[in-house]
Structures are given as structure tokens and as C-alpha cells.
$ cat input-v8.cif   # mmCIF, C-alpha atoms
data_my_file
loop_
_atom_site.group_PDB
_atom_site.id
_atom_site.type_symbol
_atom_site.label_atom_id
_atom_site.label_comp_id
_atom_site.auth_asym_id
_atom_site.auth_seq_id
_atom_site.Cartn_x
_atom_site.Cartn_y
_atom_site.Cartn_z
ATOM 1 C CA MET A 1 100.321 113.268 114.210
ATOM 2 C CA MET A 2 103.334 113.500 111.948
ATOM 3 C CA ALA A 3 106.159 115.516 113.438
ATOM 4 C CA LYS A 4 106.771 118.878 111.790
ATOM 5 C CA SER A 5 110.267 120.047 110.989
ATOM 6 C CA ALA A 6 111.285 123.641 111.570
ATOM 7 C CA ASN A 7 112.327 123.777 107.924
ATOM 8 C CA GLU A 8 109.056 123.523 105.999
ATOM 9 C CA ASP A 9 110.620 122.712 102.633
ATOM 10 C CA GLN A 10 112.466 119.546 103.672
ATOM 11 C CA LEU A 11 111.939 116.349 101.711
ATOM 12 C CA PHE A 12 111.800 112.931 103.319
ATOM 13 C CA ILE A 13 111.487 109.405 101.980
ATOM 14 C CA GLY A 14 110.168 106.541 104.063
ATOM 15 C CA ILE A 15 111.195 103.051 102.981
ATOM 16 C CA ASP A 16 109.618 99.857 104.291
ATOM 17 C CA GLY A 17 111.557 96.770 103.224
ATOM 18 C CA GLY A 18 110.467 93.187 103.807
ATOM 19 C CA GLY A 19 110.906 89.716 102.405
ATOM 20 C CA THR A 20 108.462 90.204 99.520
ATOM 21 C CA LYS A 21 108.507 93.897 98.601
ATOM 22 C CA CYS A 22 109.915 97.334 99.310
ATOM 23 C CA ARG A 23 107.611 100.364 99.521
ATOM 24 C CA ALA A 24 108.805 103.961 99.345
ATOM 25 C CA THR A 25 106.893 107.186 100.002
ATOM 26 C CA ILE A 26 108.221 110.704 99.448
ATOM 27 C CA TYR A 27 106.910 113.321 101.856
ATOM 28 C CA SER A 28 107.241 117.104 101.885
ATOM 29 C CA THR A 29 106.728 118.937 105.158
ATOM 30 C CA GLN A 30 104.957 121.609 103.124
ATOM 31 C CA HIS A 31 102.889 119.566 100.668
ATOM 32 C CA GLY A 32 102.531 116.127 102.295
ATOM 33 C CA VAL A 33 102.868 112.903 100.292
ATOM 34 C CA LEU A 34 104.310 113.555 96.832
ATOM 35 C CA GLY A 35 104.797 110.076 95.401
ATOM 36 C CA THR A 36 105.137 106.365 96.042
ATOM 37 C CA GLY A 37 107.114 103.488 94.552
ATOM 38 C CA LEU A 38 107.249 99.716 94.865
ATOM 39 C CA GLY A 39 110.338 97.519 94.541
ATOM 40 C CA GLY A 40 111.245 93.884 95.094
ATOM 41 C CA PRO A 41 112.337 91.996 98.244
ATOM 42 C CA ALA A 42 114.412 94.021 100.707
ATOM 43 C CA ASN A 43 115.448 91.754 103.560
ATOM 44 C CA PRO A 44 119.273 91.817 103.729
ATOM 45 C CA LEU A 45 119.206 88.435 105.447
ATOM 46 C CA HIS A 46 118.303 86.990 102.041
ATOM 47 C CA GLY A 47 120.670 89.108 99.968
ATOM 48 C CA LEU A 48 122.347 92.449 100.619
ATOM 49 C CA GLU A 49 122.768 93.448 96.968
ATOM 50 C CA ARG A 50 119.172 92.627 96.144
ATOM 51 C CA THR A 51 118.024 94.671 99.142
ATOM 52 C CA LEU A 52 119.981 97.741 98.048
ATOM 53 C CA GLU A 53 118.691 97.315 94.486
ATOM 54 C CA SER A 54 115.081 97.139 95.730
ATOM 55 C CA ILE A 55 115.583 100.257 97.840
ATOM 56 C CA MET A 56 116.870 102.173 94.835
ATOM 57 C CA VAL A 57 114.151 100.880 92.493
ATOM 58 C CA SER A 58 111.369 101.879 94.905
ATOM 59 C CA THR A 59 113.079 105.237 95.519
ATOM 60 C CA GLN A 60 113.424 106.056 91.824
ATOM 61 C CA LEU A 61 109.807 105.067 91.131
ATOM 62 C CA ALA A 62 108.620 107.235 94.033
ATOM 63 C CA MET A 63 110.653 110.171 92.732
ATOM 64 C CA ARG A 64 109.237 109.708 89.258
ATOM 65 C CA ASP A 65 105.727 109.555 90.716
ATOM 66 C CA ALA A 66 106.472 112.777 92.620
ATOM 67 C CA GLY A 67 107.749 114.507 89.495
ATOM 68 C CA LEU A 68 111.213 114.983 90.997
ATOM 69 C CA GLN A 69 114.463 114.972 89.035
ATOM 70 C CA LEU A 70 116.798 112.114 89.986
ATOM 71 C CA GLU A 71 119.490 114.507 91.220
ATOM 72 C CA THR A 72 117.020 115.664 93.890
ATOM 73 C CA ILE A 73 117.823 112.442 95.744
ATOM 74 C CA HIS A 74 120.825 114.188 97.316
ATOM 75 C CA GLN A 75 118.424 116.595 99.073
ATOM 76 C CA ILE A 76 116.222 113.911 100.612
ATOM 77 C CA TYR A 77 116.411 112.629 104.190
ATOM 78 C CA ALA A 78 115.733 108.872 104.203
ATOM 79 C CA GLY A 79 114.163 106.787 106.929
ATOM 80 C CA LEU A 80 114.642 103.055 106.381
ATOM 81 C CA GLY A 81 112.732 100.354 108.209
ATOM 82 C CA LEU A 82 114.141 97.019 107.050
ATOM 83 C CA ALA A 83 113.549 93.411 107.974
ATOM 84 C CA GLY A 84 116.675 91.616 109.133
ATOM 85 C CA VAL A 85 118.557 94.604 110.552
ATOM 86 C CA ASN A 86 117.700 93.511 114.082
ATOM 87 C CA LEU A 87 120.789 91.352 113.502
ATOM 88 C CA PRO A 88 123.795 93.610 114.333
ATOM 89 C CA SER A 89 125.929 92.354 111.432
ATOM 90 C CA LEU A 90 123.260 93.266 108.868
ATOM 91 C CA TYR A 91 122.585 96.616 110.515
ATOM 92 C CA GLU A 92 126.279 97.420 110.194
ATOM 93 C CA LYS A 93 126.388 96.403 106.525
ATOM 94 C CA ILE A 94 123.473 98.688 105.629
ATOM 95 C CA THR A 95 124.943 101.629 107.559
ATOM 96 C CA GLU A 96 128.204 101.166 105.621
ATOM 97 C CA TRP A 97 126.337 101.560 102.318
ATOM 98 C CA GLU A 98 127.408 104.621 100.327
ATOM 99 C CA HIS A 99 123.826 105.766 99.880
ATOM 100 C CA PRO A 100 122.803 108.716 97.660
ATOM 101 C CA PHE A 101 120.552 110.442 100.200
ATOM 102 C CA LYS A 102 121.294 113.638 102.119
ATOM 103 C CA GLN A 103 121.189 111.519 105.261
ATOM 104 C CA MET A 104 119.982 108.023 106.068
ATOM 105 C CA PHE A 105 118.435 106.855 109.333
ATOM 106 C CA LEU A 106 118.131 103.085 109.751
ATOM 107 C CA THR A 107 115.992 100.987 112.047
ATOM 108 C CA THR A 108 113.963 97.777 111.906
ATOM 109 C CA ASP A 109 110.747 97.364 109.962
ATOM 110 C CA LEU A 110 109.130 96.505 113.295
ATOM 111 C CA HIS A 111 110.078 99.870 114.744
ATOM 112 C CA THR A 112 108.792 101.909 111.807
ATOM 113 C CA ALA A 113 105.650 99.770 111.572
ATOM 114 C CA CYS A 114 104.925 100.519 115.230
ATOM 115 C CA ILE A 115 105.608 104.243 114.795
ATOM 116 C CA GLY A 116 103.274 104.372 111.815
ATOM 117 C CA ALA A 117 100.533 102.231 113.325
ATOM 118 C CA HIS A 118 100.224 104.519 116.328
ATOM 119 C CA GLU A 119 101.310 107.811 114.704
ATOM 120 C CA GLY A 120 104.278 108.107 116.996
ATOM 121 C CA GLY A 121 102.378 107.158 120.141
ATOM 122 C CA ASP A 122 102.985 104.153 122.380
ATOM 123 C CA GLY A 123 101.668 100.814 121.222
ATOM 124 C CA ALA A 124 102.410 97.315 120.000
ATOM 125 C CA VAL A 125 102.440 95.837 116.534
ATOM 126 C CA ILE A 126 102.603 92.356 115.062
ATOM 127 C CA ILE A 127 103.854 91.876 111.520
ATOM 128 C CA THR A 128 102.322 88.871 109.798
ATOM 129 C CA GLY A 129 103.423 88.854 106.194
ATOM 130 C CA THR A 130 106.222 86.893 104.570
ATOM 131 C CA GLY A 131 107.689 86.688 108.086
ATOM 132 C CA SER A 132 106.314 87.255 111.571
ATOM 133 C CA CYS A 133 107.444 89.202 114.623
ATOM 134 C CA GLY A 134 106.174 91.493 117.355
ATOM 135 C CA PHE A 135 107.265 94.845 118.772
ATOM 136 C CA SER A 136 106.076 97.056 121.613
ATOM 137 C CA HIS A 137 107.114 100.573 122.623
ATOM 138 C CA VAL A 138 105.734 101.852 125.916
ATOM 139 C CA LYS A 139 107.041 104.764 128.003
ATOM 140 C CA GLY A 140 110.381 104.811 126.231
ATOM 141 C CA GLN A 141 110.965 101.057 126.552
ATOM 142 C CA SER A 142 110.975 98.772 123.509
ATOM 143 C CA VAL A 143 110.741 94.989 123.356
ATOM 144 C CA ASN A 144 110.555 92.676 120.374
ATOM 145 C CA TYR A 145 109.858 88.980 120.011
ATOM 146 C CA GLY A 146 110.301 86.617 117.101
ATOM 147 C CA GLY A 147 111.840 87.946 113.917
ATOM 148 C CA HIS A 148 114.429 85.177 113.881
ATOM 149 C CA GLY A 149 114.016 84.693 110.157
ATOM 150 C CA PHE A 150 112.948 81.908 107.852
ATOM 151 C CA ALA A 151 113.161 78.987 108.442
ATOM 152 C CA LEU A 152 114.424 79.250 112.040
ATOM 153 C CA GLY A 153 111.315 81.122 113.117
ATOM 154 C CA ASP A 154 108.587 83.232 111.480
ATOM 155 C CA LYS A 155 105.874 80.896 112.733
ATOM 156 C CA GLY A 156 102.404 81.985 111.685
ATOM 157 C CA SER A 157 103.803 83.827 108.662
ATOM 158 C CA GLY A 158 103.103 83.298 104.980
ATOM 159 C CA ALA A 159 106.485 81.654 104.431
ATOM 160 C CA TRP A 160 105.948 79.310 107.374
ATOM 161 C CA MET A 161 102.489 78.325 106.133
ATOM 162 C CA GLY A 162 103.820 77.690 102.650
ATOM 163 C CA LEU A 163 106.609 75.513 104.004
ATOM 164 C CA GLU A 164 104.223 73.515 106.181
ATOM 165 C CA ALA A 165 101.920 73.005 103.185
ATOM 166 C CA ILE A 166 104.723 71.708 100.986
ATOM 167 C CA LYS A 167 105.939 69.365 103.724
ATOM 168 C CA ALA A 168 102.435 67.896 104.067
ATOM 169 C CA VAL A 169 102.067 67.497 100.307
ATOM 170 C CA LEU A 170 105.449 65.789 99.915
ATOM 171 C CA VAL A 171 104.625 63.341 102.705
ATOM 172 C CA GLU A 172 101.316 62.457 101.058
ATOM 173 C CA LEU A 173 102.903 62.048 97.622
ATOM 174 C CA ASP A 174 105.399 59.619 99.137
ATOM 175 C CA GLY A 175 102.507 57.625 100.598
ATOM 176 C CA LEU A 176 103.623 58.374 104.150
ATOM 177 C CA GLY A 177 100.955 60.819 105.294
ATOM 178 C CA PRO A 178 97.259 61.655 105.137
ATOM 179 C CA GLN A 179 95.528 63.078 102.111
ATOM 180 C CA THR A 180 94.984 66.818 101.832
ATOM 181 C CA VAL A 181 93.241 68.977 99.260
ATOM 182 C CA LEU A 182 96.458 70.969 99.199
ATOM 183 C CA THR A 183 98.165 68.258 97.153
ATOM 184 C CA PRO A 184 96.423 68.767 93.794
ATOM 185 C CA VAL A 185 96.520 72.537 94.284
ATOM 186 C CA ILE A 186 100.255 72.590 95.014
ATOM 187 C CA LYS A 187 100.964 70.151 92.178
ATOM 188 C CA ASN A 188 99.066 72.403 89.799
ATOM 189 C CA HIS A 189 100.917 75.483 91.110
ATOM 190 C CA PHE A 190 104.250 73.899 90.209
ATOM 191 C CA ASN A 191 102.932 71.987 87.191
ATOM 192 C CA ALA A 192 104.441 68.979 88.966
ATOM 193 C CA ILE A 193 103.870 65.273 88.512
ATOM 194 C CA ASN A 194 105.548 63.978 91.650
ATOM 195 C CA ALA A 195 107.206 65.005 94.910
ATOM 196 C CA MET A 196 110.640 65.359 93.364
ATOM 197 C CA ASP A 197 109.327 67.906 90.844
ATOM 198 C CA ILE A 198 108.206 70.118 93.729
ATOM 199 C CA ALA A 199 111.374 69.599 95.760
ATOM 200 C CA GLU A 200 113.553 70.447 92.775
ATOM 201 C CA GLN A 201 111.688 73.685 92.026
ATOM 202 C CA MET A 202 111.795 74.861 95.645
ATOM 203 C CA ALA A 203 115.456 74.055 96.254
ATOM 204 C CA GLY A 204 117.227 77.235 97.337
ATOM 205 C CA GLN A 205 114.137 79.425 96.986
ATOM 206 C CA PRO A 206 113.706 82.462 99.288
ATOM 207 C CA SER A 207 110.991 82.875 101.888
ATOM 208 C CA SER A 208 108.885 84.945 99.471
ATOM 209 C CA SER A 209 108.447 81.888 97.230
ATOM 210 C CA TYR A 210 106.956 79.940 100.131
ATOM 211 C CA ALA A 211 104.773 82.871 101.210
ATOM 212 C CA LYS A 212 103.005 82.811 97.833
ATOM 213 C CA LEU A 213 101.498 79.455 98.825
ATOM 214 C CA ALA A 214 99.828 80.723 102.014
ATOM 215 C CA ARG A 215 96.612 81.654 100.203
ATOM 216 C CA TYR A 216 96.147 77.995 99.233
ATOM 217 C CA VAL A 217 96.365 77.030 102.901
ATOM 218 C CA PHE A 218 93.625 79.483 103.899
ATOM 219 C CA ASP A 219 91.436 78.357 100.979
ATOM 220 C CA ALA A 220 91.840 74.709 102.005
ATOM 221 C CA ALA A 221 91.161 75.537 105.656
ATOM 222 C CA HIS A 222 87.895 77.218 104.684
ATOM 223 C CA GLN A 223 86.986 73.991 102.863
ATOM 224 C CA GLY A 224 87.507 72.096 106.109
ATOM 225 C CA ASP A 225 90.710 70.308 105.092
ATOM 226 C CA VAL A 226 92.171 68.770 108.259
ATOM 227 C CA ILE A 227 95.810 69.418 107.326
ATOM 228 C CA ALA A 228 95.226 73.033 106.300
ATOM 229 C CA LEU A 229 93.108 73.672 109.401
ATOM 230 C CA ALA A 230 95.904 72.360 111.604
ATOM 231 C CA ILE A 231 98.438 74.673 109.914
ATOM 232 C CA VAL A 232 96.260 77.776 110.186
ATOM 233 C CA LYS A 233 95.221 77.089 113.785
ATOM 234 C CA ASP A 234 98.813 76.412 114.827
ATOM 235 C CA GLY A 235 99.992 79.630 113.200
ATOM 236 C CA ALA A 236 97.155 81.656 114.714
ATOM 237 C CA ALA A 237 97.840 80.190 118.159
ATOM 238 C CA TYR A 238 101.454 81.348 117.913
ATOM 239 C CA VAL A 239 100.435 84.864 116.827
ATOM 240 C CA SER A 240 97.913 84.999 119.690
ATOM 241 C CA GLN A 241 100.635 83.931 122.118
ATOM 242 C CA LEU A 242 102.907 86.608 120.665
ATOM 243 C CA ALA A 243 100.175 89.200 121.239
ATOM 244 C CA HIS A 244 99.710 88.118 124.860
ATOM 245 C CA ARG A 245 103.456 88.519 125.400
ATOM 246 C CA LEU A 246 103.430 92.030 123.948
ATOM 247 C CA LEU A 247 100.426 93.005 126.054
ATOM 248 C CA GLU A 248 102.405 92.308 129.234
ATOM 249 C CA ASN A 249 103.877 95.815 128.781
ATOM 250 C CA ASN A 250 100.363 97.339 128.708
ATOM 251 C CA PRO A 251 100.563 99.102 125.330
ATOM 252 C CA PRO A 252 97.542 101.383 124.749
ATOM 253 C CA ARG A 253 97.013 100.030 121.227
ATOM 254 C CA LEU A 254 97.701 96.791 119.324
ATOM 255 C CA SER A 255 97.776 96.559 115.536
ATOM 256 C CA MET A 256 98.580 93.846 113.011
ATOM 257 C CA ILE A 257 100.258 94.606 109.700
ATOM 258 C CA GLY A 258 101.004 92.464 106.681
ATOM 259 C CA GLY A 259 99.335 90.303 104.089
ATOM 260 C CA LEU A 260 98.108 87.771 106.664
ATOM 261 C CA ALA A 261 96.746 90.311 109.170
ATOM 262 C CA GLU A 262 93.193 90.151 107.824
ATOM 263 C CA PRO A 263 92.887 86.416 106.994
ATOM 264 C CA LEU A 264 94.467 85.404 110.331
ATOM 265 C CA ASN A 265 92.229 87.598 112.461
ATOM 266 C CA LYS A 266 89.267 85.213 112.530
ATOM 267 C CA TRP A 267 91.510 82.409 113.790
ATOM 268 C CA LEU A 268 93.058 84.343 116.692
ATOM 269 C CA ASP A 269 92.063 84.009 120.336
ATOM 270 C CA PRO A 270 88.783 85.981 120.574
ATOM 271 C CA GLU A 271 90.172 88.180 123.354
ATOM 272 C CA ILE A 272 93.124 89.128 121.115
ATOM 273 C CA ALA A 273 91.083 89.567 117.940
ATOM 274 C CA LYS A 274 88.821 92.160 119.597
ATOM 275 C CA LEU A 275 91.839 94.190 120.746
ATOM 276 C CA VAL A 276 93.437 94.506 117.303
ATOM 277 C CA GLU A 277 93.009 98.023 115.897
ATOM 278 C CA ILE A 278 93.561 99.310 112.368
ATOM 279 C CA PRO A 279 96.990 100.953 111.910
ATOM 280 C CA LYS A 280 96.730 104.747 111.745
ATOM 281 C CA GLN A 281 99.552 105.024 109.213
ATOM 282 C CA PRO A 282 101.451 102.499 107.053
ATOM 283 C CA PRO A 283 105.052 101.482 107.907
ATOM 284 C CA GLU A 284 106.612 103.732 105.248
ATOM 285 C CA MET A 285 104.973 106.739 106.925
ATOM 286 C CA GLY A 286 106.410 105.476 110.182
ATOM 287 C CA ALA A 287 109.831 105.526 108.500
ATOM 288 C CA ILE A 288 109.238 109.163 107.496
ATOM 289 C CA TYR A 289 108.261 110.011 111.062
ATOM 290 C CA PHE A 290 111.446 108.273 112.282
ATOM 291 C CA ALA A 291 113.594 110.307 109.882
ATOM 292 C CA GLN A 292 111.862 113.543 110.868
ATOM 293 C CA GLN A 293 112.387 112.870 114.553
ATOM 294 C CA SER A 294 116.047 111.993 113.922
ATOM 295 C CA VAL A 295 116.626 115.249 112.036
ATOM 296 C CA LEU A 296 114.914 117.266 114.782
ATOM 297 C CA GLU A 297 117.059 115.603 117.442
ATOM 298 C CA GLN A 298 120.176 116.431 115.418
ATOM 299 C CA ASP A 299 119.123 120.060 115.084
ATOM 300 C CA GLN A 300 118.448 120.291 118.813
ATOM 301 C CA LYS A 301 121.911 118.957 119.621
ATOM 302 C CA VAL A 302 123.505 121.467 117.266
ATOM 303 C CA ALA A 303 121.497 124.272 118.867
ATOM 304 C CA LEU A 304 122.865 123.300 122.264
#
$ encode --input "input-v8.cif" --output "C-alpha cells"
Amino acid sequence: MMAKSANEDQLFIGIDGGGTKCRATIYSTQHGVLGTGLGGPANPLHGLERTLESIMVSTQLAMRDAGLQLETIHQIYAGLGLAGVNLPSLYEKITEWEHPFKQMFLTTDLHTACIGAHEGGDGAVIITGTGSCGFSHVKGQSVNYGGHGFALGDKGSGAWMGLEAIKAVLVELDGLGPQTVLTPVIKNHFNAINAMDIAEQMAGQPSSSYAKLARYVFDAAHQGDVIALAIVKDGAAYVSQLAHRLLENNPPRLSMIGGLAEPLNKWLDPEIAKLVEIPKQPPEMGAIYFAQQSVLEQDQKVAL
């Protein structure tokens, strides 16, 4: 259940920022969800300015959807769950931002995803989207694994799959590796003639550009392509291992969130796949819950 504030007319905004997109939801303790908005990538690891821009774009679109005047932003409590802020330096940079909200409460996208998935209750969550990571909160204790960022980690994610696909295609095009049905598909995606065309277009590209290629890997795997099957199975094995690690803390529920949650499920260890439950709330609602709880804790301290 969503926490209720003592002040029934308070406005909250929950923001879920990842490597591909930023979602915002405005919530009234009296009327519920008022509006939503969608912005671009919001992982400060891949650009602080772009992250702040995406937050503001999604916020303004949510306010417009809610029928709120822009100056109302100064009355809104914001809960932010962002990828990348598990790194202390990035957390500090975001907290130093001169934001327009009444107050801002910052945590990781893992934390807010877990809060939302279990409606504030204990549980574990695995994010498998542009990146990958796992988080568990049980009896007041939190642990997280992965989340090291692309390309140091994020195994089993969309970005990782896209990178592995491109590597396999480049090796084949150079005549140094086995054939894969991914090659003509990737060449067509980039309108490329040779390996150098692909390498040139991907030079310096963010993780989201690689994640767009993940769907080709799943399609090829379903066709029985050996290379694509190896990529998908390797990624699924990592996610299954991540789940086993999270389950060591005995969370009462386990959910998966992200664009790869559904397509990866059939490739997971059967014992893990049967444990995965549908999230009760999306991450942006978890961010609202986080902001509400933070405000309540503040009020309680003042009352003391």
C-alpha cells in the first residue's frame, strides 16, 4: 500500500531514470495519479547535463498531462530513483543540483524499483533493461549486486547483448569467426557494407544505442542461430546466478523489471523463473513512495 501523508493535499512526483528513458508520475495524496511524462536517457554516468535535462522534460510533460501550471513545480516533493547514483561521486553531483522542486529525495533506481515492486514490503528485484543489476531489502538490510555500468558490467542486459552481437558480426565480416544470421540483420540496421562502417557508426555511442540491438539477438536465438543462442543463454545464466545470490537473504518476493524481463524469463533457470512475480507497482511509484516516507520521517523528527 502507498504510504499516506498527514497532509492530504500534498503533491509528489516519482522519477525513474535509466540508460534509455526517464519516466515521471505526479501523484496527489487526495486524488492519486494525476499525470505522467516520458523523457530521454537519465543515467548520470553517461552525462550529467543530459540526465538533468531528461528529468526536467519528463517532469514538465507529466505536469502538462496533469493540467498543472509550471510554477506548481515549487510545491512538489520529488522522489528520484536514478541509475548510476550508486557511485558516490554521481550521487553527490545530483544532490548539488539546484532543482526546482519543494524538496528532492534521491536514491538508486534499484531501490525505488524494489519499493514499487513490493509496495514498500520486503523483497528482491532484478533490473534487466539497458543495464542489469540486483537489489534486495529484507528486515531493514539492503544488498545490491552488479550495476557496475556499461561496458564494465551489465551482463545479461540489452546493452551487453547488443555489444556481444556486434563483436560477433565484426569477427565474421573480417573472416575470423563463424557465420551468424545476425550479420545481415546488423548490416541492414546500420545500412553498412563492411565491418568498418559498423565500427565507425558505433564509435563513442552510449549504452542505449547497443541496447536497441538486443531484439535482433532474441529473434536470431529463436531461429536457432548458434551465436545468438550462446549470447542469450550466457546472459540468462548470469541473471539466474544474480537471482540465486539475492535469494540468499530470503526475500519474500522476487520481481524482474525492464525491457528484457519478459523475453529473458524463458531462458532462466526453471527454479528461478517460477519464483519471479509481477511487480505490484512500477519504479516511478516506488519513487513516490520513497518521497512520501522521507517527508513523513522529516515531520516525525520535527514533532519530536
$ closest_residue --input "input-v8.cif" --among "A:Lys301, A:Lys266, A:His148, A:Lys21" --to "Arg50 in chain A" --atoms "only C-alpha atoms"
A:Lys21
$ residues_around --input "input-v8.cif" --residues "Gln281 in chain A" --least-positions-apart "4" --cutoff "10 Å" --atoms "only C-alpha atoms" --output "MDAnalysis selection string"
chainID A and resid 1:2 113:120 285:286
$ closest_residue --input "input-v8.cif" --among "A:Gly162, A:Pro251, A:Pro100, A:Gly147" --to "Tyr77 in chain A" --atoms "all atoms listed in the file"
A:Pro100
$ atom_distance --input "input-v8.cif" --atom1 "CA of Asn194 in chain A" --atom2 "CA of Ala220 in chain A"
20.3 Å
$ residues_around --input "input-v8.cif" --residues "His31 in chain A" --least-positions-apart "4" --cutoff "12 Å" --atoms "only C-alpha atoms" --output "ChimeraX atom specification"
/A:4,8-12,26-27,35,66
$ build_atoms --input "input-v8.cif" --residues "range 260-274 of chain A" --atoms "N, CA, C and O atoms" --output "PDB file, in the coordinates of the input"
ATOM      1  N   LEU A 260      98.899  88.766 105.946  1.00  0.00           N
ATOM      2  CA  LEU A 260      98.108  87.771 106.664  1.00  0.00           C
ATOM      3  C   LEU A 260      97.299  88.373 107.811  1.00  0.00           C
ATOM      4  O   LEU A 260      96.572  87.659 108.506  1.00  0.00           O
ATOM      5  N   ALA A 261      97.427  89.677 108.036  1.00  0.00           N
ATOM      6  CA  ALA A 261      96.746  90.311 109.170  1.00  0.00           C
ATOM      7  C   ALA A 261      95.239  90.081 109.112  1.00  0.00           C
ATOM      8  O   ALA A 261      94.614  89.706 110.118  1.00  0.00           O
ATOM      9  N   GLU A 262      94.651  90.298 107.952  1.00  0.00           N
ATOM     10  CA  GLU A 262      93.193  90.151 107.824  1.00  0.00           C
ATOM     11  C   GLU A 262      92.752  88.685 107.826  1.00  0.00           C
ATOM     12  O   GLU A 262      91.859  88.308 108.603  1.00  0.00           O
ATOM     13  N   PRO A 263      93.353  87.808 106.999  1.00  0.00           N
ATOM     14  CA  PRO A 263      92.887  86.416 106.994  1.00  0.00           C
ATOM     15  C   PRO A 263      93.147  85.667 108.301  1.00  0.00           C
ATOM     16  O   PRO A 263      92.410  84.742 108.641  1.00  0.00           O
ATOM     17  N   LEU A 264      94.169  86.083 109.071  1.00  0.00           N
ATOM     18  CA  LEU A 264      94.467  85.404 110.331  1.00  0.00           C
ATOM     19  C   LEU A 264      93.539  85.834 111.459  1.00  0.00           C
ATOM     20  O   LEU A 264      93.356  85.100 112.430  1.00  0.00           O
ATOM     21  N   ASN A 265      92.971  87.016 111.352  1.00  0.00           N
ATOM     22  CA  ASN A 265      92.229  87.598 112.461  1.00  0.00           C
ATOM     23  C   ASN A 265      91.130  86.688 112.993  1.00  0.00           C
ATOM     24  O   ASN A 265      90.944  86.559 114.206  1.00  0.00           O
ATOM     25  N   LYS A 266      90.397  86.050 112.107  1.00  0.00           N
ATOM     26  CA  LYS A 266      89.267  85.213 112.530  1.00  0.00           C
ATOM     27  C   LYS A 266      89.705  83.947 113.266  1.00  0.00           C
ATOM     28  O   LYS A 266      88.894  83.300 113.934  1.00  0.00           O
ATOM     29  N   TRP A 267      91.005  83.615 113.150  1.00  0.00           N
ATOM     30  CA  TRP A 267      91.510  82.409 113.790  1.00  0.00           C
ATOM     31  C   TRP A 267      92.215  82.702 115.116  1.00  0.00           C
ATOM     32  O   TRP A 267      92.611  81.774 115.829  1.00  0.00           O
ATOM     33  N   LEU A 268      92.377  83.970 115.455  1.00  0.00           N
ATOM     34  CA  LEU A 268      93.058  84.343 116.692  1.00  0.00           C
ATOM     35  C   LEU A 268      92.184  84.065 117.913  1.00  0.00           C
ATOM     36  O   LEU A 268      90.973  83.884 117.804  1.00  0.00           O
ATOM     37  N   ASP A 269      92.839  84.062 119.099  1.00  0.00           N
ATOM     38  CA  ASP A 269      92.063  84.009 120.336  1.00  0.00           C
ATOM     39  C   ASP A 269      91.063  85.164 120.306  1.00  0.00           C
ATOM     40  O   ASP A 269      91.449  86.298 119.998  1.00  0.00           O
ATOM     41  N   PRO A 270      89.801  84.918 120.624  1.00  0.00           N
ATOM     42  CA  PRO A 270      88.783  85.981 120.574  1.00  0.00           C
ATOM     43  C   PRO A 270      89.171  87.220 121.369  1.00  0.00           C
ATOM     44  O   PRO A 270      88.925  88.342 120.936  1.00  0.00           O
ATOM     45  N   GLU A 271      89.808  87.027 122.521  1.00  0.00           N
ATOM     46  CA  GLU A 271      90.172  88.180 123.354  1.00  0.00           C
ATOM     47  C   GLU A 271      91.261  89.018 122.702  1.00  0.00           C
ATOM     48  O   GLU A 271      91.350  90.235 122.942  1.00  0.00           O
ATOM     49  N   ILE A 272      92.090  88.393 121.849  1.00  0.00           N
ATOM     50  CA  ILE A 272      93.124  89.128 121.115  1.00  0.00           C
ATOM     51  C   ILE A 272      92.509  89.796 119.890  1.00  0.00           C
ATOM     52  O   ILE A 272      92.765  90.968 119.599  1.00  0.00           O
ATOM     53  N   ALA A 273      91.691  89.048 119.167  1.00  0.00           N
ATOM     54  CA  ALA A 273      91.083  89.567 117.940  1.00  0.00           C
ATOM     55  C   ALA A 273      90.316  90.859 118.186  1.00  0.00           C
ATOM     56  O   ALA A 273      90.367  91.790 117.373  1.00  0.00           O
ATOM     57  N   LYS A 274      89.623  90.962 119.318  1.00  0.00           N
ATOM     58  CA  LYS A 274      88.821  92.160 119.597  1.00  0.00           C
ATOM     59  C   LYS A 274      89.676  93.358 119.992  1.00  0.00           C
ATOM     60  O   LYS A 274      89.206  94.503 119.960  1.00  0.00           O
TER      61      LYS A 274
END
